[in-house]
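Participant: You'll find work.cif just under this line, and it carries mmCIF, C-alpha atoms.
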data_target
loop_
_atom_site.group_PDB
_atom_site.id
_atom_site.type_symbol
_atom_site.label_atom_id
_atom_site.label_comp_id
_atom_site.auth_asym_id
_atom_site.auth_seq_id
_atom_site.Cartn_x
_atom_site.Cartn_y
_atom_site.Cartn_z
ATOM 1 C CA MET A 275 19.643 -5.578 123.370
ATOM 2 C CA GLY A 276 20.673 -6.289 126.970
ATOM 3 C CA ALA A 277 23.125 -8.999 127.982
ATOM 4 C CA PRO A 278 25.293 -10.414 125.195
ATOM 5 C CA ASP A 279 24.553 -14.077 124.393
ATOM 6 C CA ARG A 280 27.946 -15.270 125.591
ATOM 7 C CA PHE A 281 26.920 -14.504 129.199
ATOM 8 C CA VAL A 282 23.840 -16.639 129.009
ATOM 9 C CA ARG A 283 24.196 -19.895 130.929
ATOM 10 C CA SER A 284 22.612 -23.133 129.853
ATOM 11 C CA GLY A 285 19.043 -23.623 131.018
ATOM 12 C CA VAL A 286 18.621 -19.891 131.323
ATOM 13 C CA ASN A 287 16.736 -17.661 128.928
ATOM 14 C CA VAL A 288 16.975 -13.967 128.380
ATOM 15 C CA TYR A 289 13.830 -11.895 128.804
ATOM 16 C CA GLU A 290 13.663 -8.339 127.541
ATOM 17 C CA VAL A 291 11.913 -5.960 129.913
ATOM 18 C CA PHE A 292 9.967 -2.902 128.830
ATOM 19 C CA ARG A 293 8.608 -0.446 131.353
ATOM 20 C CA GLN A 294 5.849 2.098 131.341
ATOM 21 C CA GLU A 295 6.534 5.045 133.575
ATOM 22 C CA ARG A 296 3.026 6.504 133.637
ATOM 23 C CA LYS A 297 -0.332 5.277 132.446
ATOM 24 C CA GLY A 298 -0.873 6.099 128.784
ATOM 25 C CA GLN A 299 2.831 6.495 127.998
ATOM 26 C CA ALA A 300 4.695 4.293 125.549
ATOM 27 C CA PHE A 301 6.600 1.332 126.957
ATOM 28 C CA GLN A 302 10.356 1.727 126.700
ATOM 29 C CA HIS A 303 13.057 -0.887 126.743
ATOM 30 C CA ALA A 304 14.474 -0.998 130.280
ATOM 31 C CA GLY A 305 16.979 -3.860 130.081
ATOM 32 C CA SER A 306 16.947 -7.606 130.318
ATOM 33 C CA VAL A 307 16.921 -10.366 132.917
ATOM 34 C CA ALA A 308 18.248 -13.915 132.669
ATOM 35 C CA ALA A 309 15.859 -16.461 134.153
ATOM 36 C CA PRO A 310 15.109 -20.188 133.858
ATOM 37 C CA ASP A 311 11.387 -19.642 133.177
ATOM 38 C CA SER A 312 8.715 -16.974 133.039
ATOM 39 C CA ALA A 313 7.896 -17.187 136.770
ATOM 40 C CA PHE A 314 11.502 -16.340 137.629
ATOM 41 C CA ALA A 315 11.564 -13.701 134.896
ATOM 42 C CA GLU A 316 8.518 -12.040 136.459
ATOM 43 C CA ALA A 317 10.060 -12.029 139.920
ATOM 44 C CA TYR A 318 13.373 -10.641 138.683
ATOM 45 C CA ALA A 319 11.741 -8.029 136.454
ATOM 46 C CA ARG A 320 9.603 -6.799 139.381
ATOM 47 C CA GLU A 321 12.679 -6.635 141.543
ATOM 48 C CA GLN A 322 14.876 -4.778 139.089
ATOM 49 C CA TYR A 323 12.450 -2.545 137.244
ATOM 50 C CA GLY A 324 9.406 -2.088 139.468
ATOM 51 C CA ARG A 325 10.393 -2.008 143.094
ATOM 52 C CA ARG A 326 11.134 1.698 143.413
ATOM 53 C CA GLY A 327 7.871 2.985 142.010
ATOM 54 C CA GLU A 328 9.603 3.687 138.677
ATOM 55 C CA SER A 329 7.048 1.750 136.596
ATOM 56 C CA VAL A 330 3.290 1.338 136.473
ATOM 57 C CA ALA A 331 3.510 -1.672 134.161
ATOM 58 C CA LEU A 332 6.120 -3.983 132.647
ATOM 59 C CA TRP A 333 6.233 -6.096 129.516
ATOM 60 C CA VAL A 334 8.476 -9.127 129.960
ATOM 61 C CA VAL A 335 9.195 -10.812 126.633
ATOM 62 C CA PRO A 336 11.388 -13.826 125.841
ATOM 63 C CA ARG A 337 14.166 -12.514 123.615
ATOM 64 C CA ASP A 338 13.438 -15.315 121.129
ATOM 65 C CA SER A 339 9.973 -13.832 120.610
ATOM 66 C CA VAL A 340 11.344 -10.493 119.494
ATOM 67 C CA LEU A 341 11.487 -10.220 115.718
ATOM 68 C CA GLU A 342 14.537 -8.125 115.025
ATOM 69 C CA ILE A 343 14.903 -6.328 111.710
ATOM 70 C CA ASP A 344 18.156 -4.555 111.052
ATOM 71 C CA GLU A 345 18.530 -4.415 107.262
ATOM 72 C CA PHE A 346 16.881 -1.700 105.265
ATOM 73 C CA VAL A 347 17.640 -1.993 101.561
ATOM 74 C CA ASP A 348 17.701 1.253 99.597
ATOM 75 C CA GLU A 349 19.634 0.281 96.434
ATOM 76 C CA LEU A 350 18.233 3.085 94.308
ATOM 77 C CA GLN A 351 18.775 5.821 96.892
ATOM 78 C CA LYS A 352 15.103 6.732 96.934
ATOM 79 C CA ASN A 353 15.673 9.660 99.207
ATOM 80 C CA TYR A 354 12.243 11.070 98.347
ATOM 81 C CA HIS A 355 10.959 8.485 100.865
ATOM 82 C CA ARG A 356 12.850 10.257 103.571
ATOM 83 C CA VAL A 357 11.962 13.392 105.407
ATOM 84 C CA ASP A 358 15.458 14.748 106.144
ATOM 85 C CA GLY A 359 15.767 18.422 105.350
ATOM 86 C CA TYR A 360 12.031 18.833 105.053
ATOM 87 C CA PRO A 361 11.141 21.662 107.460
ATOM 88 C CA LEU A 362 7.740 20.694 108.778
ATOM 89 C CA LYS A 363 7.725 22.885 111.851
ATOM 90 C CA GLU A 364 7.150 26.223 110.088
ATOM 91 C CA LYS A 365 4.503 24.844 107.741
ATOM 92 C CA LEU A 366 2.678 23.260 110.649
ATOM 93 C CA LYS A 367 2.762 26.535 112.570
ATOM 94 C CA GLU A 368 1.307 28.445 109.639
ATOM 95 C CA ALA A 369 -1.391 25.839 109.095
ATOM 96 C CA ARG A 370 -2.357 26.006 112.761
ATOM 97 C CA GLU A 371 -2.557 29.783 112.647
ATOM 98 C CA ARG A 372 -4.831 29.597 109.608
ATOM 99 C CA ALA A 373 -7.017 27.030 111.334
ATOM 100 C CA GLY A 374 -6.949 28.937 114.607
ATOM 101 C CA THR A 375 -5.922 25.898 116.661
ATOM 102 C CA ALA A 376 -3.130 25.693 119.234
ATOM 103 C CA ALA A 377 -0.390 23.055 119.315
ATOM 104 C CA PRO A 378 -1.169 20.113 121.632
ATOM 105 C CA ALA A 379 0.092 21.125 125.081
ATOM 106 C CA ASP A 380 1.942 17.952 125.987
ATOM 107 C CA ARG A 381 4.254 17.733 123.011
ATOM 108 C CA MET B 16 6.832 -6.447 179.633
ATOM 109 C CA SER B 17 3.435 -5.848 178.042
ATOM 110 C CA GLU B 18 1.494 -8.493 176.200
ATOM 111 C CA ARG B 19 2.115 -6.683 172.931
ATOM 112 C CA ALA B 20 5.875 -6.630 173.477
ATOM 113 C CA GLN B 21 5.871 -10.307 174.376
ATOM 114 C CA LEU B 22 3.959 -11.083 171.220
ATOM 115 C CA LEU B 23 6.012 -8.939 168.826
ATOM 116 C CA LEU B 24 9.592 -9.266 170.061
ATOM 117 C CA PRO B 25 10.152 -12.910 169.019
ATOM 118 C CA ILE B 26 8.732 -12.085 165.578
ATOM 119 C CA ALA B 27 10.905 -8.989 165.207
ATOM 120 C CA ASP B 28 13.964 -10.993 166.309
ATOM 121 C CA ASP B 29 13.148 -13.717 163.748
ATOM 122 C CA GLU B 30 12.875 -11.154 160.967
ATOM 123 C CA LEU B 31 16.080 -9.364 161.959
ATOM 124 C CA VAL B 32 18.166 -12.512 162.284
ATOM 125 C CA LEU B 33 16.778 -14.170 159.155
ATOM 126 C CA GLY B 34 17.281 -10.913 157.233
ATOM 127 C CA TRP B 35 20.859 -10.897 158.471
ATOM 128 C CA ARG B 36 21.442 -14.517 157.464
ATOM 129 C CA ASN B 37 19.900 -14.013 154.025
ATOM 130 C CA SER B 38 22.001 -10.905 153.470
ATOM 131 C CA GLU B 39 25.090 -13.118 153.792
ATOM 132 C CA TRP B 40 24.311 -14.218 150.225
ATOM 133 C CA THR B 41 24.706 -10.699 148.854
ATOM 134 C CA GLY B 42 27.413 -10.823 146.202
ATOM 135 C CA ILE B 43 27.661 -14.623 146.136
ATOM 136 C CA ALA B 44 24.132 -15.832 145.244
ATOM 137 C CA PRO B 45 23.973 -18.384 142.388
ATOM 138 C CA PHE B 46 23.464 -15.688 139.751
ATOM 139 C CA LEU B 47 23.151 -11.951 139.451
ATOM 140 C CA GLU B 48 19.369 -11.614 139.194
ATOM 141 C CA GLU B 49 18.931 -13.896 142.192
ATOM 142 C CA ASP B 50 21.525 -11.923 144.108
ATOM 143 C CA VAL B 51 19.454 -8.766 143.637
ATOM 144 C CA ALA B 52 16.181 -10.507 144.491
ATOM 145 C CA PHE B 53 17.429 -12.348 147.567
ATOM 146 C CA SER B 54 19.246 -9.285 148.894
ATOM 147 C CA SER B 55 16.060 -7.313 148.494
ATOM 148 C CA ILE B 56 14.116 -9.917 150.458
ATOM 149 C CA ALA B 57 16.747 -9.775 153.200
ATOM 150 C CA GLN B 58 16.401 -6.009 153.277
ATOM 151 C CA ASN B 59 12.608 -6.251 153.514
ATOM 152 C CA GLU B 60 12.818 -8.677 156.436
ATOM 153 C CA ILE B 61 15.053 -6.241 158.301
ATOM 154 C CA GLY B 62 12.568 -3.479 157.447
ATOM 155 C CA HIS B 63 9.772 -5.558 158.969
ATOM 156 C CA ALA B 64 11.890 -6.115 162.086
ATOM 157 C CA ARG B 65 12.448 -2.370 162.330
ATOM 158 C CA ALA B 66 8.728 -1.580 162.140
ATOM 159 C CA LEU B 67 7.895 -4.245 164.750
ATOM 160 C CA TYR B 68 10.673 -3.056 167.088
ATOM 161 C CA GLN B 69 9.314 0.472 166.708
ATOM 162 C CA LEU B 70 5.869 -0.558 167.988
ATOM 163 C CA VAL B 71 7.488 -2.268 170.963
ATOM 164 C CA ALA B 72 9.944 0.589 171.544
ATOM 165 C CA ASP B 73 7.156 3.202 171.719
ATOM 166 C CA GLU B 74 5.631 1.209 174.514
ATOM 167 C CA LEU B 75 8.830 0.496 176.428
ATOM 168 C CA GLY B 76 10.159 4.040 176.048
ATOM 169 C CA THR B 77 13.207 3.013 174.033
ATOM 170 C CA THR B 78 14.193 2.957 170.325
ATOM 171 C CA ALA B 79 14.079 0.350 167.573
ATOM 172 C CA ASP B 80 17.889 0.471 167.258
ATOM 173 C CA ALA B 81 18.314 -0.140 170.983
ATOM 174 C CA LEU B 82 16.067 -3.196 170.796
ATOM 175 C CA ALA B 83 17.810 -4.499 167.686
ATOM 176 C CA PHE B 84 21.400 -3.948 168.800
ATOM 177 C CA ASP B 85 21.756 -3.201 172.505
ATOM 178 C CA ARG B 86 20.454 -6.402 174.057
ATOM 179 C CA SER B 87 22.662 -9.223 175.262
ATOM 180 C CA PRO B 88 22.565 -12.457 173.218
ATOM 181 C CA GLU B 89 20.382 -14.214 175.837
ATOM 182 C CA GLU B 90 17.704 -11.563 175.477
ATOM 183 C CA TYR B 91 17.030 -12.290 171.806
ATOM 184 C CA GLN B 92 13.994 -14.510 171.327
ATOM 185 C CA CYS B 93 14.482 -15.633 167.738
ATOM 186 C CA SER B 94 14.059 -19.289 166.823
ATOM 187 C CA ARG B 95 17.114 -21.535 166.479
ATOM 188 C CA PHE B 96 15.925 -22.120 162.912
ATOM 189 C CA VAL B 97 16.658 -18.562 161.704
ATOM 190 C CA GLU B 98 20.042 -18.540 163.444
ATOM 191 C CA LEU B 99 21.515 -21.407 161.407
ATOM 192 C CA LEU B 100 24.449 -20.386 159.241
ATOM 193 C CA LEU B 101 23.619 -21.920 155.838
ATOM 194 C CA VAL B 102 25.970 -20.137 153.418
ATOM 195 C CA PRO B 103 27.223 -21.575 151.052
ATOM 196 C CA ASP B 104 24.442 -24.197 150.881
ATOM 197 C CA TRP B 105 21.778 -22.851 148.518
ATOM 198 C CA ALA B 106 19.488 -25.895 148.786
ATOM 199 C CA ARG B 107 19.221 -25.547 152.560
ATOM 200 C CA THR B 108 18.905 -21.781 152.277
ATOM 201 C CA ILE B 109 15.918 -22.129 149.951
ATOM 202 C CA ALA B 110 14.444 -24.871 152.149
ATOM 203 C CA ARG B 111 14.597 -22.548 155.156
ATOM 204 C CA HIS B 112 13.231 -19.652 153.098
ATOM 205 C CA TRP B 113 10.236 -21.696 151.936
ATOM 206 C CA LEU B 114 9.517 -23.238 155.367
ATOM 207 C CA TYR B 115 9.847 -19.854 157.040
ATOM 208 C CA GLU B 116 7.472 -18.144 154.594
ATOM 209 C CA GLN B 117 4.877 -20.864 155.175
ATOM 210 C CA ALA B 118 5.056 -20.502 158.959
ATOM 211 C CA ASP B 119 5.308 -16.714 158.789
ATOM 212 C CA ALA B 120 2.156 -16.495 156.646
ATOM 213 C CA GLN B 121 0.128 -18.143 159.422
ATOM 214 C CA ARG B 122 1.642 -15.864 162.034
ATOM 215 C CA ILE B 123 0.871 -12.743 159.979
ATOM 216 C CA GLU B 124 -2.748 -13.871 159.533
ATOM 217 C CA LEU B 125 -3.097 -14.033 163.330
ATOM 218 C CA LEU B 126 -1.579 -10.568 163.720
ATOM 219 C CA LYS B 127 -3.890 -9.161 161.030
ATOM 220 C CA ALA B 128 -6.842 -10.411 163.105
ATOM 221 C CA SER B 129 -5.500 -8.719 166.247
ATOM 222 C CA GLY B 130 -7.833 -6.441 168.217
ATOM 223 C CA ASP B 131 -4.941 -3.967 168.484
ATOM 224 C CA PRO B 132 -5.360 -1.719 165.409
ATOM 225 C CA GLU B 133 -1.666 -0.760 165.274
ATOM 226 C CA VAL B 134 -0.613 -4.401 165.248
ATOM 227 C CA ALA B 135 -3.272 -5.397 162.720
ATOM 228 C CA GLY B 136 -2.405 -2.415 160.487
ATOM 229 C CA LEU B 137 1.318 -3.156 160.480
ATOM 230 C CA ALA B 138 0.662 -6.865 159.854
ATOM 231 C CA ALA B 139 -1.423 -5.976 156.787
ATOM 232 C CA LYS B 140 1.400 -3.795 155.430
ATOM 233 C CA ILE B 141 4.001 -6.488 156.073
ATOM 234 C CA ASP B 142 1.782 -9.087 154.430
ATOM 235 C CA ARG B 143 1.661 -7.125 151.172
ATOM 236 C CA GLU B 144 5.462 -7.390 150.919
ATOM 237 C CA GLU B 145 5.556 -10.949 152.154
ATOM 238 C CA ALA B 146 3.314 -11.917 149.253
ATOM 239 C CA TYR B 147 6.338 -11.397 146.969
ATOM 240 C CA HIS B 148 8.609 -13.324 149.304
ATOM 241 C CA ARG B 149 6.140 -16.215 149.218
ATOM 242 C CA MET B 150 5.993 -16.021 145.420
ATOM 243 C CA HIS B 151 9.796 -16.117 145.284
ATOM 244 C CA ALA B 152 10.004 -19.025 147.760
ATOM 245 C CA GLN B 153 7.301 -20.934 145.910
ATOM 246 C CA MET B 154 8.927 -20.651 142.484
ATOM 247 C CA TRP B 155 12.197 -21.990 143.899
ATOM 248 C CA HIS B 156 10.332 -24.708 145.773
ATOM 249 C CA GLU B 157 8.734 -25.868 142.530
ATOM 250 C CA ARG B 158 11.971 -25.522 140.586
ATOM 251 C CA LEU B 159 13.879 -27.717 143.064
ATOM 252 C CA ALA B 160 11.006 -30.158 143.714
ATOM 253 C CA ASP B 161 12.925 -33.063 142.102
ATOM 254 C CA GLU B 162 16.311 -32.199 143.518
ATOM 255 C CA PRO B 163 17.366 -34.723 146.214
ATOM 256 C CA ARG B 164 19.563 -32.212 148.055
ATOM 257 C CA TYR B 165 16.599 -29.882 148.387
ATOM 258 C CA LEU B 166 14.226 -32.608 149.594
ATOM 259 C CA GLU B 167 16.783 -33.716 152.188
ATOM 260 C CA ALA B 168 17.165 -30.130 153.348
ATOM 261 C CA LEU B 169 13.385 -29.810 153.770
ATOM 262 C CA GLU B 170 13.297 -33.015 155.841
ATOM 263 C CA GLU B 171 16.191 -31.856 157.966
ATOM 264 C CA LEU B 172 14.899 -28.351 158.639
ATOM 265 C CA ARG B 173 11.138 -28.861 158.886
ATOM 266 C CA PRO B 174 11.158 -30.008 162.557
ATOM 267 C CA LEU B 175 13.215 -26.949 163.590
ATOM 268 C CA VAL B 176 10.879 -24.228 162.316
ATOM 269 C CA ASP B 177 9.618 -22.896 165.623
ATOM 270 C CA GLU B 178 12.255 -24.304 167.932
ATOM 271 C CA ARG B 179 13.007 -21.713 170.601
ATOM 272 C CA GLY B 180 14.992 -21.651 173.813
ATOM 273 C CA ASP B 181 18.785 -21.808 173.924
ATOM 274 C CA HIS B 182 20.594 -20.240 171.036
ATOM 275 C CA THR B 183 22.528 -22.270 168.471
ATOM 276 C CA SER B 184 26.313 -22.279 168.707
ATOM 277 C CA GLU B 185 26.545 -20.010 165.635
ATOM 278 C CA PHE B 186 24.412 -17.237 167.141
ATOM 279 C CA ALA B 187 27.270 -15.799 169.222
ATOM 280 C CA ALA B 188 29.301 -14.925 166.123
ATOM 281 C CA LEU B 189 26.257 -13.415 164.396
ATOM 282 C CA TRP B 190 25.500 -11.239 167.442
ATOM 283 C CA GLU B 191 29.173 -10.155 167.656
ATOM 284 C CA GLU B 192 29.147 -8.954 164.064
ATOM 285 C CA MET B 193 25.631 -7.517 164.064
ATOM 286 C CA THR B 194 26.104 -5.371 167.164
ATOM 287 C CA MET B 195 29.741 -4.436 166.554
ATOM 288 C CA VAL B 196 29.119 -0.891 165.308
ATOM 289 C CA ARG B 197 26.764 -0.008 168.144
ATOM 290 C CA ARG B 198 29.137 -1.415 170.724
ATOM 291 C CA SER B 199 32.185 0.363 169.323
ATOM 292 C CA VAL B 200 30.494 3.755 168.818
ATOM 293 C CA ALA B 201 28.093 4.382 171.689
ATOM 294 C CA GLY B 202 24.773 5.811 170.500
ATOM 295 C CA ALA B 203 25.695 5.469 166.812
ATOM 296 C CA THR B 204 22.788 6.177 164.461
ATOM 297 C CA TRP B 205 22.415 5.938 160.706
#
Do you think you could lay out the structure here as C-alpha cells?
Facilitator:
Amino acid sequence: MGAPDRFVRSGVNVYEVFRQERKGQAFQHAGSVAAPDSAFAEAYAREQYGRRGESVALWVVPRDSVLEIDEFVDELQKNYHRVDGYPLKEKLKEARERAGTAAPADR
Amino acid sequence: MSERAQLLLPIADDELVLGWRNSEWTGIAPFLEEDVAFSSIAQNEIGHARALYQLVADELGTTADALAFDRSPEEYQCSRFVELLLVPDWARTIARHWLYEQADAQRIELLKASGDPEVAGLAAKIDREEAYHRMHAQMWHERLADEPRYLEALEELRPLVDERGDHTSEFAALWEEMTMVRRSVAGATW
C-alpha cells in the first residue's frame, strides 16, 4: 500500500486514503499521504484526492490502523471451497428466465 | 478611476504578488505533500487576483492580463508585506501566510457585505476557497506554536501586514520576472 516505509521521515505518519467517486459506490484505495497528524492528513488528502471534483467523500486512515492479512492457509487443498471453473453465468440466466426477472441494470 | 476599481485593485495586486511569492516554493517545499498543497494555494490566490482584475477590467475597458502584467511597477498597489522574498525561510513564509489569511478574512467579510452584488458575489466565492487556506495556515500555526523561529517571524512581520506606499527593494526583480513574457511577446495570451 502506498509509499514504502523507508521513505517515511521521523515524526511523520502514513495515512491511507480511500475515495468514493459517487454516492452509494464502494470506497476504493486512492493512495497515501505522509503527514505529522490527522489535521495535516486531512488537508493533504483534500488537496490530492478531492480538489478536482473526483471524489464525493474520502476515508483517511492511519496505516497503523489497517489490519493487513496476507496469509491464507490451505494445507489440504480444499478446492471445493473455491469457485474457479464453476460457470455461474449460464445457470443464473436460466434461473432468471424461469423466474421471469431481468438482470439488474447496473451490473 | 471608479470607486470599485480603487477598492479592488490593491486586493487583486496583493493576491497576485502573494500567489507569485508562494509559488516560489513549488518543487522545494519541506516535503512533497506540502509542496502540492502550498502550490495549490498559490494557484488559488492568482485565480482570485484574476477574477478581481476581471471585474475592474470590465469597468475600465481593458483585460485582466493587461492589469496584471502591463502596468509599470509604480502602478501596483500591493502591500510591502506580500512583496517580501522569503524563500528559503519556511518559518517566515508560514508566519506571513497565517498573518495574511487573518487580515484577508476581515477584508473578504467587508466585500461580502458590499452593496455591489458583483463584488459581494465574487467575495463569497473567494471566501469558500479561502476557508481551506485558513485551515492550512491554522494547522501550521498550531504546529509551530512552540518554535522560537516561528514566533520571532510573527513578531517581525506582524507590523508590516498592511504597509503600503513605496515598494520594497525586492519588488523590482519580481516585476521583471512576472511581466517578462508579456513584455517580450506583445499581446501574448495563454
Participant: Could you please determine the separation between atom CA of B:Phe53 and atom CA of B:Pro88 in Å, to one decimal place?
Facilitator: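 Going from atom CA of B:Phe53 over to atom CA of B:Pro88 covers 26.2 Å.
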Participant: Based on all atoms listed in the file, which of the residues in chain A come within 8 Å of chain B? I want them as a ChimeraX atom specification.
Facilitator: /A:307-309,313-314,317-318,321-322
Participant: Find the distance between atom CA of B:Arg65 and atom CA of B:Asn37 and write it in Å to one decimal.
Facilitator: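 Between atom CA of B:Arg65 and atom CA of B:Asn37 the gap works out to 16.1 Å.
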Participant: Would you tabulate, counting all atoms listed in the file, all residues of stretch 279-323 of chain A that have an atom at most 7 Å from an atom of stretch 331-348 of chain A, showing the closest pair of atoms and their distance in Å to one decimal, sorted by chain then ascending number, as a tab-separated table?
Facilitator:
residue	atom	partner	partner_atom	distance
A:Val288	CA	A:Arg337	CA	5.7
A:Tyr289	CA	A:Pro336	CA	4.3
A:Glu290	CA	A:Val335	CA	5.2
A:Val291	CA	A:Val334	CA	4.7
A:Phe292	CA	A:Trp333	CA	5.0
A:Arg293	CA	A:Leu332	CA	4.5
A:Gln294	CA	A:Ala331	CA	5.3
Participant: Using only C-alpha atoms, which residues sit within 12 Å of stretch 170-177 of chain B once same-chain residues fewer than 4 positions away are excluded, as a compact mmCIF listing (two decimals) with C-alpha atoms, keeping the file's coordinate frame?
Facilitator:
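The result, stored in out_4.txt:
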# COMPACT_ATOMS: atom_id res chain seq x y z
CA PRO B 25 10.15 -12.91 169.02
CA ILE B 26 8.73 -12.08 165.58
CA ASP B 29 13.15 -13.72 163.75
CA GLN B 92 13.99 -14.51 171.33
CA CYS B 93 14.48 -15.63 167.74
CA SER B 94 14.06 -19.29 166.82
CA ARG B 95 17.11 -21.54 166.48
CA PHE B 96 15.92 -22.12 162.91
CA VAL B 97 16.66 -18.56 161.70
CA GLU B 98 20.04 -18.54 163.44
CA LEU B 99 21.52 -21.41 161.41
CA LEU B 101 23.62 -21.92 155.84
CA ALA B 106 19.49 -25.90 148.79
CA ARG B 107 19.22 -25.55 152.56
CA THR B 108 18.90 -21.78 152.28
CA ILE B 109 15.92 -22.13 149.95
CA ALA B 110 14.44 -24.87 152.15
CA ARG B 111 14.60 -22.55 155.16
CA HIS B 112 13.23 -19.65 153.10
CA TRP B 113 10.24 -21.70 151.94
CA LEU B 114 9.52 -23.24 155.37
CA TYR B 115 9.85 -19.85 157.04
CA GLU B 116 7.47 -18.14 154.59
CA GLN B 117 4.88 -20.86 155.18
CA ALA B 118 5.06 -20.50 158.96
CA ASP B 119 5.31 -16.71 158.79
CA ARG B 122 1.64 -15.86 162.03
CA PRO B 163 17.37 -34.72 146.21
CA ARG B 164 19.56 -32.21 148.06
CA TYR B 165 16.60 -29.88 148.39
CA LEU B 166 14.23 -32.61 149.59
CA THR B 183 22.53 -22.27 168.47
Participant: Taking the file above as input, evaluate the PyMOL selection byres ((chain B and resi 71) around 10) and report the hits as a PyMOL selection string.
Facilitator: chain B and resi 16-17+19-24+27+65-70+72-79+82
Participant: Which is closer to B:Glu162 than all the others in B:Trp105, B:Arg143, B:Phe84, B:Trp190, using all atoms listed in the file?
Facilitator: B:Trp105
Participant: Take the PyMOL selection byres ((chain A and resi 285) around 12), run it mentally on this structure, and tell me the resulting residues as a PyMOL selection string.
Facilitator: chain A and resi 282-284+286-288+308-311
Participant: Work out how far atom CA of B:Ala128 is from atom CA of B:Glu144, in Å to one decimal.
Facilitator: 17.6 Å
Participant: For the file shown, report as a list in words the outcome of the PyMOL selection byres ((chain B and resi 137) around 10) at residue level.
Facilitator: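 Applied to this file, the PyMOL selection byres ((chain B and resi 137) around 10) returns His63, Ala66, Leu67, Leu70, Ile123, Leu126, Lys127, Pro132, Glu133, Val134, Ala135, Gly136, Ala138, Ala139, Lys140, Ile141 and Asp142 of chain B.
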